[in-house]
Amino acid sequence: MDAAGRLIGSFQLVLPTMRFLGFFLLSILSLTALYAQGDDPYLDSLLRVTTSSKQDTTRINAALKWVSFMETQDFDAAFKKATWALERSKKIGYHSGILDAWLALSSMHYENLRGDIMLLYADSVLNYKAYPLKRETQGWALNMQGIGYYIQQRNVDALKSWIKALDFVEEDDAAGLLSNIGNIYLSSGENDDAIEYYLKAIKLNEQSRDFTFLTINHMNVARCYKFTDTLFLHHLNKAISYARLAGYTRMLPEAFGDAVRYYADNNQFEQAANYLDSIVLVGESDPEYAAAIQSSVLARYRFKLASFKQDSSVAELDVRFGNEPVRSLLEMARDVYEDQLNTSEPSDYNNRMHCHKDLAEIYTRLGEFGKAVEHYKGMQQYEDSLDQGKAQFLLKAHEMEMEELEEAARREEQERERMQQRSRLTLALAGSGMLVLVALGLITRLNYVRRSRKAIQKEKDRSEELLLNILPAEIAEELKSKGAADARNYDLVTILFTDFKQFTQTSELLTASELVSELDVCFKAFDRICEKYRIEKIKTIGDSYMAAGGLPVPSEDSVRNTVLAGLEMADFMIKRKLKVEGQGNPTFEMRVGIHTGPVVAGIVGVKKFQYDIWGDTVNTASRMESHGEVGKVNISDTTYSMLQNDPDFVFLAREQVDVKGKGMMQMWFVSQKA
């Protein structure tokens, strides 16, 4: 395989507007820089061979090697040389040259994002019948095919190609493919799956001590978490360390910018300011890029600083811009965000959604509520567009899996027909000595078919389980039968929220693996409790857990069951704290809040593939949690009124609490009778 095929495996970030595309062509770009600066003797020698060698195959191979180094430096010359190599290979029947020329032509069209042309040449390789494909050739052709699909935003097709490619490449070359697959899941909002593939890539990067790709993949993992999550900071710090080891300074401004966002979002402004000042210092190789990043995160820093000062009634802080008036900080941040909206690509939904979100809060704090509503609507529009893309990705992935299972079933039916034909042949041979051999053959085939049927059923069950992990059973059935699920109004739903007290401070005492393990133990226990009391888990939001009783199927005992579930969760956390702290380790304390009322629930067509609920009831339940106390279950007056005569509960009235946006509210602590 020539260089054109070998170098295309690591396809990582090239264009800022295609963040999730990854650094796919980093290998090509770095080697191009190494060999193509000035008059390089190696490239000169390759050119001489292409014109002076008497062997056509030698001339073709030299031309393709030259193309692999020059395709990003001089596209026209490289394209001309690759086209010559292809035509010459066809003329002399040089199969290897034909395949490598197609791969080279596919590779070079990445630079101008011509996914259609990449697919044309990659498909030519995969459909070539005149010569058996080497495994390596097939692997790189599938990789090119995946890249072409991705550029065309056909994410499911790209995913399918890259997963197939993993079966054909050596382990050393698999890291780039694993990272690409992670990029697909990240861009589709499937962060857990993205993390799984990135971590596999990181393991291979560690074995090869590839610090550049360790930088990239730790940055990718960090972006699977919220800016306020300590796991985000853990992987970000890893990325920064590896970037320095690799001398990969191109990545540091972006990493430092993410550090500013983390510390600003966590109100740690001194640390944020330190990274803010360092962005330009580490961006000497591309000062315009570094300045653009600094401008963007500076807006975030000012916005969060103003919010903190306004909420805390602090006039000055001993940090950068700490003595600036709140209104001035907000206006400067506003101007940057408005400029980003005006200059960003219309298709950059994620960036535009976050700009609208921050502007909505900025205008609210400035008292300009009309503009705040306008930007809130803009945020919803782009959020819906992103959700629709995610939903379509998951639905198409499910459909593709079903098609593969149906194809397997068709093959099984064909095999059954062949067996029936053999059975008829057996009858014809019944009087001969071959009967025993035929019978043994039929038994073997029958066992094979049974194993195939069992494997197909296993895959069907897995697919069903995957869908049921995303949606309630009733909603999943509706989605499969109609291709969409209608939103529904529910008059009586009981919402449960949990949240860990001082999560950030406690998590800083744990390693990343300890933190994930502890959260996993707690949330798995909550999942079992929800299943026990027949209430629906809605989602986890960082360290918060949300569940609901009374949907998607209304139930008379849903209010009672939801409260019982909350009490059991609180009891579990109290016992967990005693056990873990008895071992000398830190753990979490938890508040629980519950409220009952009407909600809207569902997927809203295909725009919210994750089952979710909306309405003031959800907001009030969240307030019940935030105004609760550690180890106790705090319920609203509405929930209390529905359970006050239940002999299994004891209620403790609280003084009315002033709730933001709600006014004075009556709340109750509930417990079970001993």
# chains A, B, ... in the order shown; residues from 1 in each chain; ligands from 1
$ residues_around --residues "Val650 in chain A" --least-positions-apart "4" --cutoff "9 Å" --atoms "only C-alpha atoms" --output "JSON, numbers by chain"
{"A": [644, 646, 669, 670, 671, 672, 673]}
$ write_last_selection --atoms "all heavy atoms" --output "short mmCIF file (atom, residue, chain, number, x, y, z; two decimals), in the first residue's frame"
data_model
loop_
_atom_site.label_atom_id
_atom_site.label_comp_id
_atom_site.auth_asym_id
_atom_site.auth_seq_id
_atom_site.Cartn_x
_atom_site.Cartn_y
_atom_site.Cartn_z
N GLN A 644 -52.11 13.62 52.68
CA GLN A 644 -52.19 13.99 54.10
C GLN A 644 -52.95 12.96 54.94
O GLN A 644 -52.73 12.85 56.15
CB GLN A 644 -52.83 15.37 54.23
CG GLN A 644 -54.21 15.48 53.64
CD GLN A 644 -54.77 16.89 53.76
OE1 GLN A 644 -54.59 17.55 54.79
NE2 GLN A 644 -55.45 17.37 52.72
N ASP A 646 -52.87 9.68 54.34
CA ASP A 646 -52.23 8.37 54.21
C ASP A 646 -51.59 8.00 55.55
O ASP A 646 -50.70 8.72 56.03
CB ASP A 646 -51.17 8.40 53.11
CG ASP A 646 -50.70 7.01 52.72
OD1 ASP A 646 -50.41 6.20 53.63
OD2 ASP A 646 -50.60 6.74 51.51
N PHE A 669 -41.77 18.49 55.12
CA PHE A 669 -40.87 17.34 55.15
C PHE A 669 -41.71 16.10 55.40
O PHE A 669 -42.59 16.11 56.28
CB PHE A 669 -39.82 17.47 56.26
CG PHE A 669 -38.75 18.49 55.96
CD1 PHE A 669 -38.35 19.41 56.92
CD2 PHE A 669 -38.12 18.50 54.73
CE1 PHE A 669 -37.37 20.34 56.65
CE2 PHE A 669 -37.13 19.43 54.43
CZ PHE A 669 -36.76 20.36 55.40
N VAL A 670 -41.47 15.06 54.63
CA VAL A 670 -42.25 13.83 54.77
C VAL A 670 -41.31 12.70 55.17
O VAL A 670 -40.15 12.65 54.76
CB VAL A 670 -42.98 13.48 53.44
CG1 VAL A 670 -42.00 13.26 52.31
CG2 VAL A 670 -43.87 12.26 53.61
N SER A 671 -41.83 11.79 55.99
CA SER A 671 -41.08 10.59 56.39
C SER A 671 -42.07 9.44 56.53
O SER A 671 -43.29 9.66 56.54
CB SER A 671 -40.32 10.82 57.69
OG SER A 671 -41.22 11.19 58.72
N GLN A 672 -41.56 8.23 56.64
CA GLN A 672 -42.42 7.07 56.81
C GLN A 672 -42.57 6.75 58.29
O GLN A 672 -41.62 6.91 59.08
CB GLN A 672 -41.81 5.86 56.09
CG GLN A 672 -42.58 5.46 54.86
CD GLN A 672 -42.01 4.23 54.19
OE1 GLN A 672 -40.82 4.13 53.97
NE2 GLN A 672 -42.88 3.30 53.86
N LYS A 673 -43.77 6.31 58.66
CA LYS A 673 -43.96 5.88 60.04
C LYS A 673 -43.09 4.68 60.34
O LYS A 673 -42.93 3.79 59.50
CB LYS A 673 -45.43 5.53 60.28
CG LYS A 673 -46.30 6.75 60.57
CD LYS A 673 -47.69 6.34 60.99
CE LYS A 673 -48.52 7.58 61.32
NZ LYS A 673 -49.91 7.21 61.68
#
$ residues_around --residues "Gln502 in chain A" --least-positions-apart "2" --cutoff "10 Å" --atoms "only C-alpha atoms" --output "JSON, numbers by chain"
{"A": [499, 500, 504, 505, 506, 507, 588, 589, 590]}
$ select_by_dssp --residues "range 110-232 of chain A" --states "alpha helix (DSSP H)" --output "JSON, numbers by chain"
{"A": [115, 116, 117, 118, 119, 120, 121, 122, 123, 124, 125, 126, 135, 136, 137, 138, 139, 140, 141, 142, 143, 144, 145, 146, 147, 148, 149, 150, 151, 155, 156, 157, 158, 159, 160, 161, 162, 163, 164, 165, 171, 172, 173, 174, 175, 176, 177, 178, 179, 180, 181, 182, 183, 184, 185, 186, 187, 191, 192, 193, 194, 195, 196, 197, 198, 199, 200, 201, 202, 203, 204, 205, 206, 207, 208, 211, 212, 213, 214, 215, 216, 217, 218, 219, 220, 221, 222, 230, 231, 232]}
$ atom_distance --atom1 "CA of Ser636 in chain A" --atom2 "CA of Glu531 in chain A"
23.5 Å
$ residues_around --residues "Ala264 in chain A" --least-positions-apart "3" --cutoff "10 Å" --atoms "only C-alpha atoms" --output "list in words"
Phe227, Thr228, Asp258, Ala259, Val260, Arg261, Asn267, Gln268, Phe269, Glu270, Gln271, Ala272, Ala273, Val297, Leu298, Arg300, Tyr301, Arg302, Phe303, Lys304, Leu305 and Phe308 of chain A
$ closest_residue --among "A:Leu105, A:Ile635, A:Leu214, A:Ile184" --to "Thr596 in chain A" --atoms "only C-alpha atoms"
A:Ile635
$ closest_residue --among "A:Met664, A:Leu330, A:Ala291, A:Leu119" --to "Gly148 in chain A" --atoms "only C-alpha atoms"
A:Leu119
$ residues_around --residues "Val282 in chain A" --least-positions-apart "2" --cutoff "10 Å" --atoms "only C-alpha atoms" --output "PDB file with all heavy atoms, in the first residue's frame"
ATOM      1  N   THR A 249       1.568  23.159  20.159  1.00  0.00           N
ATOM      2  CA  THR A 249       1.116  24.446  20.671  1.00  0.00           C
ATOM      3  C   THR A 249      -0.130  24.956  19.957  1.00  0.00           C
ATOM      4  O   THR A 249      -0.827  25.820  20.489  1.00  0.00           O
ATOM      5  CB  THR A 249       2.234  25.490  20.541  1.00  0.00           C
ATOM      6  OG1 THR A 249       2.652  25.553  19.153  1.00  0.00           O
ATOM      7  CG2 THR A 249       3.435  25.101  21.399  1.00  0.00           C
ATOM      8  N   ARG A 250      -0.413  24.451  18.768  1.00  0.00           N
ATOM      9  CA  ARG A 250      -1.609  24.876  18.018  1.00  0.00           C
ATOM     10  C   ARG A 250      -2.880  24.625  18.824  1.00  0.00           C
ATOM     11  O   ARG A 250      -3.875  25.334  18.682  1.00  0.00           O
ATOM     12  CB  ARG A 250      -1.647  24.102  16.693  1.00  0.00           C
ATOM     13  CG  ARG A 250      -2.889  24.327  15.844  1.00  0.00           C
ATOM     14  CD  ARG A 250      -2.922  25.756  15.272  1.00  0.00           C
ATOM     15  NE  ARG A 250      -3.976  25.932  14.303  1.00  0.00           N
ATOM     16  CZ  ARG A 250      -5.262  26.082  14.590  1.00  0.00           C
ATOM     17  NH1 ARG A 250      -5.644  26.089  15.848  1.00  0.00           N
ATOM     18  NH2 ARG A 250      -6.168  26.243  13.644  1.00  0.00           N
ATOM     19  N   MET A 251      -2.852  23.625  19.717  1.00  0.00           N
ATOM     20  CA  MET A 251      -4.041  23.251  20.465  1.00  0.00           C
ATOM     21  C   MET A 251      -4.188  24.029  21.776  1.00  0.00           C
ATOM     22  O   MET A 251      -5.284  24.100  22.335  1.00  0.00           O
ATOM     23  CB  MET A 251      -3.996  21.747  20.775  1.00  0.00           C
ATOM     24  CG  MET A 251      -5.313  21.141  21.158  1.00  0.00           C
ATOM     25  SD  MET A 251      -6.395  21.038  19.715  1.00  0.00           S
ATOM     26  CE  MET A 251      -7.755  20.093  20.391  1.00  0.00           C
ATOM     27  N   LEU A 252      -3.105  24.625  22.259  1.00  0.00           N
ATOM     28  CA  LEU A 252      -3.139  25.228  23.588  1.00  0.00           C
ATOM     29  C   LEU A 252      -4.096  26.422  23.707  1.00  0.00           C
ATOM     30  O   LEU A 252      -4.780  26.545  24.729  1.00  0.00           O
ATOM     31  CB  LEU A 252      -1.724  25.628  24.011  1.00  0.00           C
ATOM     32  CG  LEU A 252      -0.824  24.447  24.423  1.00  0.00           C
ATOM     33  CD1 LEU A 252       0.588  24.936  24.708  1.00  0.00           C
ATOM     34  CD2 LEU A 252      -1.399  23.732  25.640  1.00  0.00           C
ATOM     35  N   PRO A 253      -4.168  27.343  22.733  1.00  0.00           N
ATOM     36  CA  PRO A 253      -5.137  28.439  22.894  1.00  0.00           C
ATOM     37  C   PRO A 253      -6.567  27.943  23.094  1.00  0.00           C
ATOM     38  O   PRO A 253      -7.299  28.466  23.933  1.00  0.00           O
ATOM     39  CB  PRO A 253      -4.992  29.221  21.578  1.00  0.00           C
ATOM     40  CG  PRO A 253      -3.604  28.946  21.124  1.00  0.00           C
ATOM     41  CD  PRO A 253      -3.339  27.518  21.511  1.00  0.00           C
ATOM     42  N   GLU A 254      -6.958  26.923  22.330  1.00  0.00           N
ATOM     43  CA  GLU A 254      -8.312  26.384  22.463  1.00  0.00           C
ATOM     44  C   GLU A 254      -8.496  25.728  23.832  1.00  0.00           C
ATOM     45  O   GLU A 254      -9.534  25.889  24.479  1.00  0.00           O
ATOM     46  CB  GLU A 254      -8.584  25.379  21.347  1.00  0.00           C
ATOM     47  CG  GLU A 254     -10.043  25.047  21.190  1.00  0.00           C
ATOM     48  CD  GLU A 254     -10.328  24.297  19.895  1.00  0.00           C
ATOM     49  OE1 GLU A 254      -9.429  24.182  19.050  1.00  0.00           O
ATOM     50  OE2 GLU A 254     -11.465  23.841  19.745  1.00  0.00           O
ATOM     51  N   PHE A 256      -6.791  26.408  26.613  1.00  0.00           N
ATOM     52  CA  PHE A 256      -6.815  27.458  27.629  1.00  0.00           C
ATOM     53  C   PHE A 256      -8.165  28.188  27.612  1.00  0.00           C
ATOM     54  O   PHE A 256      -8.676  28.605  28.655  1.00  0.00           O
ATOM     55  CB  PHE A 256      -5.682  28.449  27.396  1.00  0.00           C
ATOM     56  CG  PHE A 256      -4.324  27.944  27.844  1.00  0.00           C
ATOM     57  CD1 PHE A 256      -4.154  26.643  28.266  1.00  0.00           C
ATOM     58  CD2 PHE A 256      -3.224  28.777  27.840  1.00  0.00           C
ATOM     59  CE1 PHE A 256      -2.916  26.162  28.672  1.00  0.00           C
ATOM     60  CE2 PHE A 256      -1.973  28.325  28.247  1.00  0.00           C
ATOM     61  CZ  PHE A 256      -1.818  27.007  28.662  1.00  0.00           C
ATOM     62  N   ASP A 277      -5.212  35.410  30.273  1.00  0.00           N
ATOM     63  CA  ASP A 277      -4.019  36.160  29.888  1.00  0.00           C
ATOM     64  C   ASP A 277      -3.009  35.293  29.141  1.00  0.00           C
ATOM     65  O   ASP A 277      -2.150  35.823  28.426  1.00  0.00           O
ATOM     66  CB  ASP A 277      -3.351  36.761  31.127  1.00  0.00           C
ATOM     67  CG  ASP A 277      -4.224  37.826  31.785  1.00  0.00           C
ATOM     68  OD1 ASP A 277      -5.024  38.432  31.054  1.00  0.00           O
ATOM     69  OD2 ASP A 277      -4.115  38.028  33.008  1.00  0.00           O
ATOM     70  N   SER A 278      -3.100  33.964  29.313  1.00  0.00           N
ATOM     71  CA  SER A 278      -2.102  33.060  28.714  1.00  0.00           C
ATOM     72  C   SER A 278      -2.449  32.643  27.290  1.00  0.00           C
ATOM     73  O   SER A 278      -1.599  32.090  26.591  1.00  0.00           O
ATOM     74  CB  SER A 278      -1.955  31.802  29.585  1.00  0.00           C
ATOM     75  OG  SER A 278      -1.548  32.136  30.897  1.00  0.00           O
ATOM     76  N   ILE A 279      -3.696  32.897  26.845  1.00  0.00           N
ATOM     77  CA  ILE A 279      -4.125  32.396  25.533  1.00  0.00           C
ATOM     78  C   ILE A 279      -3.249  32.950  24.418  1.00  0.00           C
ATOM     79  O   ILE A 279      -2.759  32.213  23.561  1.00  0.00           O
ATOM     80  CB  ILE A 279      -5.607  32.735  25.285  1.00  0.00           C
ATOM     81  CG1 ILE A 279      -6.502  31.911  26.215  1.00  0.00           C
ATOM     82  CG2 ILE A 279      -5.986  32.460  23.828  1.00  0.00           C
ATOM     83  CD1 ILE A 279      -7.967  32.296  26.155  1.00  0.00           C
ATOM     84  N   VAL A 280      -3.043  34.252  24.414  1.00  0.00           N
ATOM     85  CA  VAL A 280      -2.258  34.868  23.343  1.00  0.00           C
ATOM     86  C   VAL A 280      -0.793  34.454  23.452  1.00  0.00           C
ATOM     87  O   VAL A 280      -0.113  34.268  22.434  1.00  0.00           O
ATOM     88  CB  VAL A 280      -2.403  36.402  23.397  1.00  0.00           C
ATOM     89  CG1 VAL A 280      -1.460  37.066  22.396  1.00  0.00           C
ATOM     90  CG2 VAL A 280      -3.842  36.802  23.093  1.00  0.00           C
ATOM     91  N   GLU A 284       1.418  32.022  19.580  1.00  0.00           N
ATOM     92  CA  GLU A 284       2.313  32.774  18.702  1.00  0.00           C
ATOM     93  C   GLU A 284       2.331  32.233  17.278  1.00  0.00           C
ATOM     94  O   GLU A 284       2.528  32.985  16.331  1.00  0.00           O
ATOM     95  CB  GLU A 284       3.730  32.762  19.282  1.00  0.00           C
ATOM     96  CG  GLU A 284       3.855  33.522  20.599  1.00  0.00           C
ATOM     97  CD  GLU A 284       5.263  33.462  21.153  1.00  0.00           C
ATOM     98  OE1 GLU A 284       6.110  32.783  20.533  1.00  0.00           O
ATOM     99  OE2 GLU A 284       5.516  34.082  22.205  1.00  0.00           O
ATOM    100  N   SER A 285       2.116  30.929  17.108  1.00  0.00           N
ATOM    101  CA  SER A 285       2.166  30.348  15.766  1.00  0.00           C
ATOM    102  C   SER A 285       0.983  30.800  14.905  1.00  0.00           C
ATOM    103  O   SER A 285       1.056  30.802  13.684  1.00  0.00           O
ATOM    104  CB  SER A 285       2.189  28.820  15.843  1.00  0.00           C
ATOM    105  OG  SER A 285       1.008  28.345  16.468  1.00  0.00           O
ATOM    106  N   ASP A 286      -0.125  31.178  15.551  1.00  0.00           N
ATOM    107  CA  ASP A 286      -1.310  31.643  14.822  1.00  0.00           C
ATOM    108  C   ASP A 286      -1.998  32.706  15.672  1.00  0.00           C
ATOM    109  O   ASP A 286      -3.029  32.467  16.300  1.00  0.00           O
ATOM    110  CB  ASP A 286      -2.254  30.468  14.549  1.00  0.00           C
ATOM    111  CG  ASP A 286      -3.343  30.826  13.533  1.00  0.00           C
ATOM    112  OD1 ASP A 286      -3.534  32.037  13.273  1.00  0.00           O
ATOM    113  OD2 ASP A 286      -4.002  29.908  13.011  1.00  0.00           O
ATOM    114  N   PRO A 287      -1.446  33.922  15.710  1.00  0.00           N
ATOM    115  CA  PRO A 287      -1.953  34.950  16.621  1.00  0.00           C
ATOM    116  C   PRO A 287      -3.401  35.347  16.362  1.00  0.00           C
ATOM    117  O   PRO A 287      -4.130  35.666  17.301  1.00  0.00           O
ATOM    118  CB  PRO A 287      -0.991  36.125  16.390  1.00  0.00           C
ATOM    119  CG  PRO A 287      -0.322  35.853  15.083  1.00  0.00           C
ATOM    120  CD  PRO A 287      -0.273  34.375  14.948  1.00  0.00           C
ATOM    121  N   ALA A 290      -5.596  32.725  18.025  1.00  0.00           N
ATOM    122  CA  ALA A 290      -5.556  32.874  19.479  1.00  0.00           C
ATOM    123  C   ALA A 290      -6.357  34.090  19.923  1.00  0.00           C
ATOM    124  O   ALA A 290      -7.082  34.046  20.925  1.00  0.00           O
ATOM    125  CB  ALA A 290      -4.106  32.986  19.949  1.00  0.00           C
TER     126      ALA A 290
END
$ residues_around --residues "range 39-50 of chain A" --least-positions-apart "6" --cutoff "7 Å" --atoms "only C-alpha atoms" --output "ChimeraX atom specification"
/A:59-60,62-63,66
$ write_last_selection --atoms "all heavy atoms" --output "PDB file, in the first residue's frame"
ATOM      1  N   ARG A  59       7.366   3.859 -12.089  1.00  0.00           N
ATOM      2  CA  ARG A  59       6.984   5.258 -12.336  1.00  0.00           C
ATOM      3  C   ARG A  59       5.647   5.579 -11.653  1.00  0.00           C
ATOM      4  O   ARG A  59       5.483   6.651 -11.052  1.00  0.00           O
ATOM      5  CB  ARG A  59       6.874   5.508 -13.840  1.00  0.00           C
ATOM      6  CG  ARG A  59       8.203   5.414 -14.593  1.00  0.00           C
ATOM      7  CD  ARG A  59       7.971   5.431 -16.107  1.00  0.00           C
ATOM      8  NE  ARG A  59       7.332   6.686 -16.519  1.00  0.00           N
ATOM      9  CZ  ARG A  59       6.669   6.838 -17.658  1.00  0.00           C
ATOM     10  NH1 ARG A  59       6.519   5.811 -18.482  1.00  0.00           N
ATOM     11  NH2 ARG A  59       6.142   8.012 -17.962  1.00  0.00           N
ATOM     12  N   ILE A  60       4.710   4.652 -11.741  1.00  0.00           N
ATOM     13  CA  ILE A  60       3.389   4.870 -11.130  1.00  0.00           C
ATOM     14  C   ILE A  60       3.502   4.978  -9.612  1.00  0.00           C
ATOM     15  O   ILE A  60       2.938   5.882  -8.982  1.00  0.00           O
ATOM     16  CB  ILE A  60       2.426   3.731 -11.532  1.00  0.00           C
ATOM     17  CG1 ILE A  60       2.093   3.843 -13.027  1.00  0.00           C
ATOM     18  CG2 ILE A  60       1.152   3.765 -10.685  1.00  0.00           C
ATOM     19  CD1 ILE A  60       1.415   2.609 -13.592  1.00  0.00           C
ATOM     20  N   ALA A  62       6.096   5.801  -7.792  1.00  0.00           N
ATOM     21  CA  ALA A  62       6.793   7.040  -7.428  1.00  0.00           C
ATOM     22  C   ALA A  62       5.849   8.231  -7.546  1.00  0.00           C
ATOM     23  O   ALA A  62       5.849   9.141  -6.699  1.00  0.00           O
ATOM     24  CB  ALA A  62       8.022   7.238  -8.312  1.00  0.00           C
ATOM     25  N   ALA A  63       5.030   8.246  -8.589  1.00  0.00           N
ATOM     26  CA  ALA A  63       4.077   9.347  -8.781  1.00  0.00           C
ATOM     27  C   ALA A  63       3.079   9.414  -7.633  1.00  0.00           C
ATOM     28  O   ALA A  63       2.767  10.500  -7.116  1.00  0.00           O
ATOM     29  CB  ALA A  63       3.349   9.175 -10.112  1.00  0.00           C
ATOM     30  N   TRP A  66       4.671  10.763  -4.488  1.00  0.00           N
ATOM     31  CA  TRP A  66       4.821  12.215  -4.612  1.00  0.00           C
ATOM     32  C   TRP A  66       3.476  12.906  -4.362  1.00  0.00           C
ATOM     33  O   TRP A  66       3.409  13.921  -3.667  1.00  0.00           O
ATOM     34  CB  TRP A  66       5.344  12.547  -6.012  1.00  0.00           C
ATOM     35  CG  TRP A  66       5.643  13.995  -6.222  1.00  0.00           C
ATOM     36  CD1 TRP A  66       6.794  14.665  -5.929  1.00  0.00           C
ATOM     37  CD2 TRP A  66       4.742  14.974  -6.776  1.00  0.00           C
ATOM     38  NE1 TRP A  66       6.683  15.990  -6.261  1.00  0.00           N
ATOM     39  CE2 TRP A  66       5.432  16.217  -6.793  1.00  0.00           C
ATOM     40  CE3 TRP A  66       3.453  14.931  -7.267  1.00  0.00           C
ATOM     41  CZ2 TRP A  66       4.868  17.382  -7.267  1.00  0.00           C
ATOM     42  CZ3 TRP A  66       2.867  16.103  -7.741  1.00  0.00           C
ATOM     43  CH2 TRP A  66       3.578  17.308  -7.741  1.00  0.00           C
TER      44      TRP A  66
END
$ residues_around --residues "Lys539 in chain A" --least-positions-apart "4" --cutoff "9 Å" --atoms "only C-alpha atoms" --output "list in words"
Ser544, Tyr545, Met546, Ala547, Gln610, Tyr611 and Asp612 of chain A
$ write_last_selection --atoms "all heavy atoms" --output "mmCIF file, in the first residue's frame"
data_model
loop_
_atom_site.group_PDB
_atom_site.id
_atom_site.type_symbol
_atom_site.label_atom_id
_atom_site.label_comp_id
_atom_site.auth_asym_id
_atom_site.auth_seq_id
_atom_site.Cartn_x
_atom_site.Cartn_y
_atom_site.Cartn_z
ATOM 1 N N SER A 544 -27.525 15.661 39.241
ATOM 2 C CA SER A 544 -28.942 15.665 39.583
ATOM 3 C C SER A 544 -29.661 14.520 38.874
ATOM 4 O O SER A 544 -29.311 14.156 37.752
ATOM 5 C CB SER A 544 -29.560 17.010 39.182
ATOM 6 O OG SER A 544 -30.932 17.037 39.486
ATOM 7 N N TYR A 545 -30.683 13.973 39.542
ATOM 8 C CA TYR A 545 -31.440 12.838 39.009
ATOM 9 C C TYR A 545 -32.911 13.248 38.985
ATOM 10 O O TYR A 545 -33.432 13.805 39.952
ATOM 11 C CB TYR A 545 -31.235 11.633 39.918
ATOM 12 C CG TYR A 545 -31.797 10.322 39.425
ATOM 13 C CD1 TYR A 545 -30.990 9.389 38.784
ATOM 14 C CD2 TYR A 545 -33.129 9.981 39.638
ATOM 15 C CE1 TYR A 545 -31.493 8.167 38.352
ATOM 16 C CE2 TYR A 545 -33.646 8.765 39.206
ATOM 17 C CZ TYR A 545 -32.816 7.864 38.563
ATOM 18 O OH TYR A 545 -33.314 6.645 38.134
ATOM 19 N N MET A 546 -33.580 12.950 37.882
ATOM 20 C CA MET A 546 -34.974 13.367 37.705
ATOM 21 C C MET A 546 -35.833 12.162 37.332
ATOM 22 O O MET A 546 -35.473 11.380 36.447
ATOM 23 C CB MET A 546 -35.056 14.437 36.614
ATOM 24 C CG MET A 546 -36.449 14.954 36.328
ATOM 25 S SD MET A 546 -36.381 16.156 34.953
ATOM 26 C CE MET A 546 -38.108 16.574 34.778
ATOM 27 N N ALA A 547 -36.964 12.011 38.010
ATOM 28 C CA ALA A 547 -37.883 10.909 37.714
ATOM 29 C C ALA A 547 -39.309 11.431 37.864
ATOM 30 O O ALA A 547 -39.547 12.507 38.431
ATOM 31 C CB ALA A 547 -37.634 9.727 38.641
ATOM 32 N N GLN A 610 -34.948 12.001 23.119
ATOM 33 C CA GLN A 610 -34.910 11.658 24.530
ATOM 34 C C GLN A 610 -36.258 12.022 25.140
ATOM 35 O O GLN A 610 -36.732 13.143 25.017
ATOM 36 C CB GLN A 610 -33.798 12.432 25.250
ATOM 37 C CG GLN A 610 -33.761 12.171 26.745
ATOM 38 C CD GLN A 610 -32.730 13.031 27.439
ATOM 39 O OE1 GLN A 610 -31.996 13.744 26.780
ATOM 40 N NE2 GLN A 610 -32.681 12.959 28.755
ATOM 41 N N TYR A 611 -36.901 11.078 25.793
ATOM 42 C CA TYR A 611 -38.193 11.337 26.417
ATOM 43 C C TYR A 611 -38.005 12.397 27.498
ATOM 44 O O TYR A 611 -37.121 12.303 28.343
ATOM 45 C CB TYR A 611 -38.729 10.043 27.028
ATOM 46 C CG TYR A 611 -40.150 10.136 27.510
ATOM 47 C CD1 TYR A 611 -41.193 10.285 26.607
ATOM 48 C CD2 TYR A 611 -40.458 10.060 28.863
ATOM 49 C CE1 TYR A 611 -42.504 10.347 27.037
ATOM 50 C CE2 TYR A 611 -41.761 10.126 29.308
ATOM 51 C CZ TYR A 611 -42.781 10.268 28.395
ATOM 52 O OH TYR A 611 -44.084 10.334 28.819
ATOM 53 N N ASP A 612 -38.841 13.432 27.464
ATOM 54 C CA ASP A 612 -38.650 14.543 28.389
ATOM 55 C C ASP A 612 -40.001 15.106 28.784
ATOM 56 O O ASP A 612 -41.038 14.765 28.193
ATOM 57 C CB ASP A 612 -37.787 15.628 27.737
ATOM 58 C CG ASP A 612 -36.974 16.418 28.758
ATOM 59 O OD1 ASP A 612 -37.273 16.324 29.967
ATOM 60 O OD2 ASP A 612 -36.037 17.125 28.348
#
$ residues_around --residues "Ala621 in chain A" --least-positions-apart "4" --cutoff "8 Å" --atoms "only C-alpha atoms" --output "PyMOL selection string"
chain A and resi 495-497+593-596+617+625+636
$ closest_residue --among "A:Pro132, A:Gly661, A:Gly584, A:Gly602" --to "Ile538 in chain A" --atoms "only C-alpha atoms"
A:Gly602
$ atom_distance --atom1 "CA of Ala174 in chain A" --atom2 "CA of Glu71 in chain A"
23.6 Å
$ atom_distance --atom1 "CA of Asn237 in chain A" --atom2 "CA of Val580 in chain A"
27.7 Å
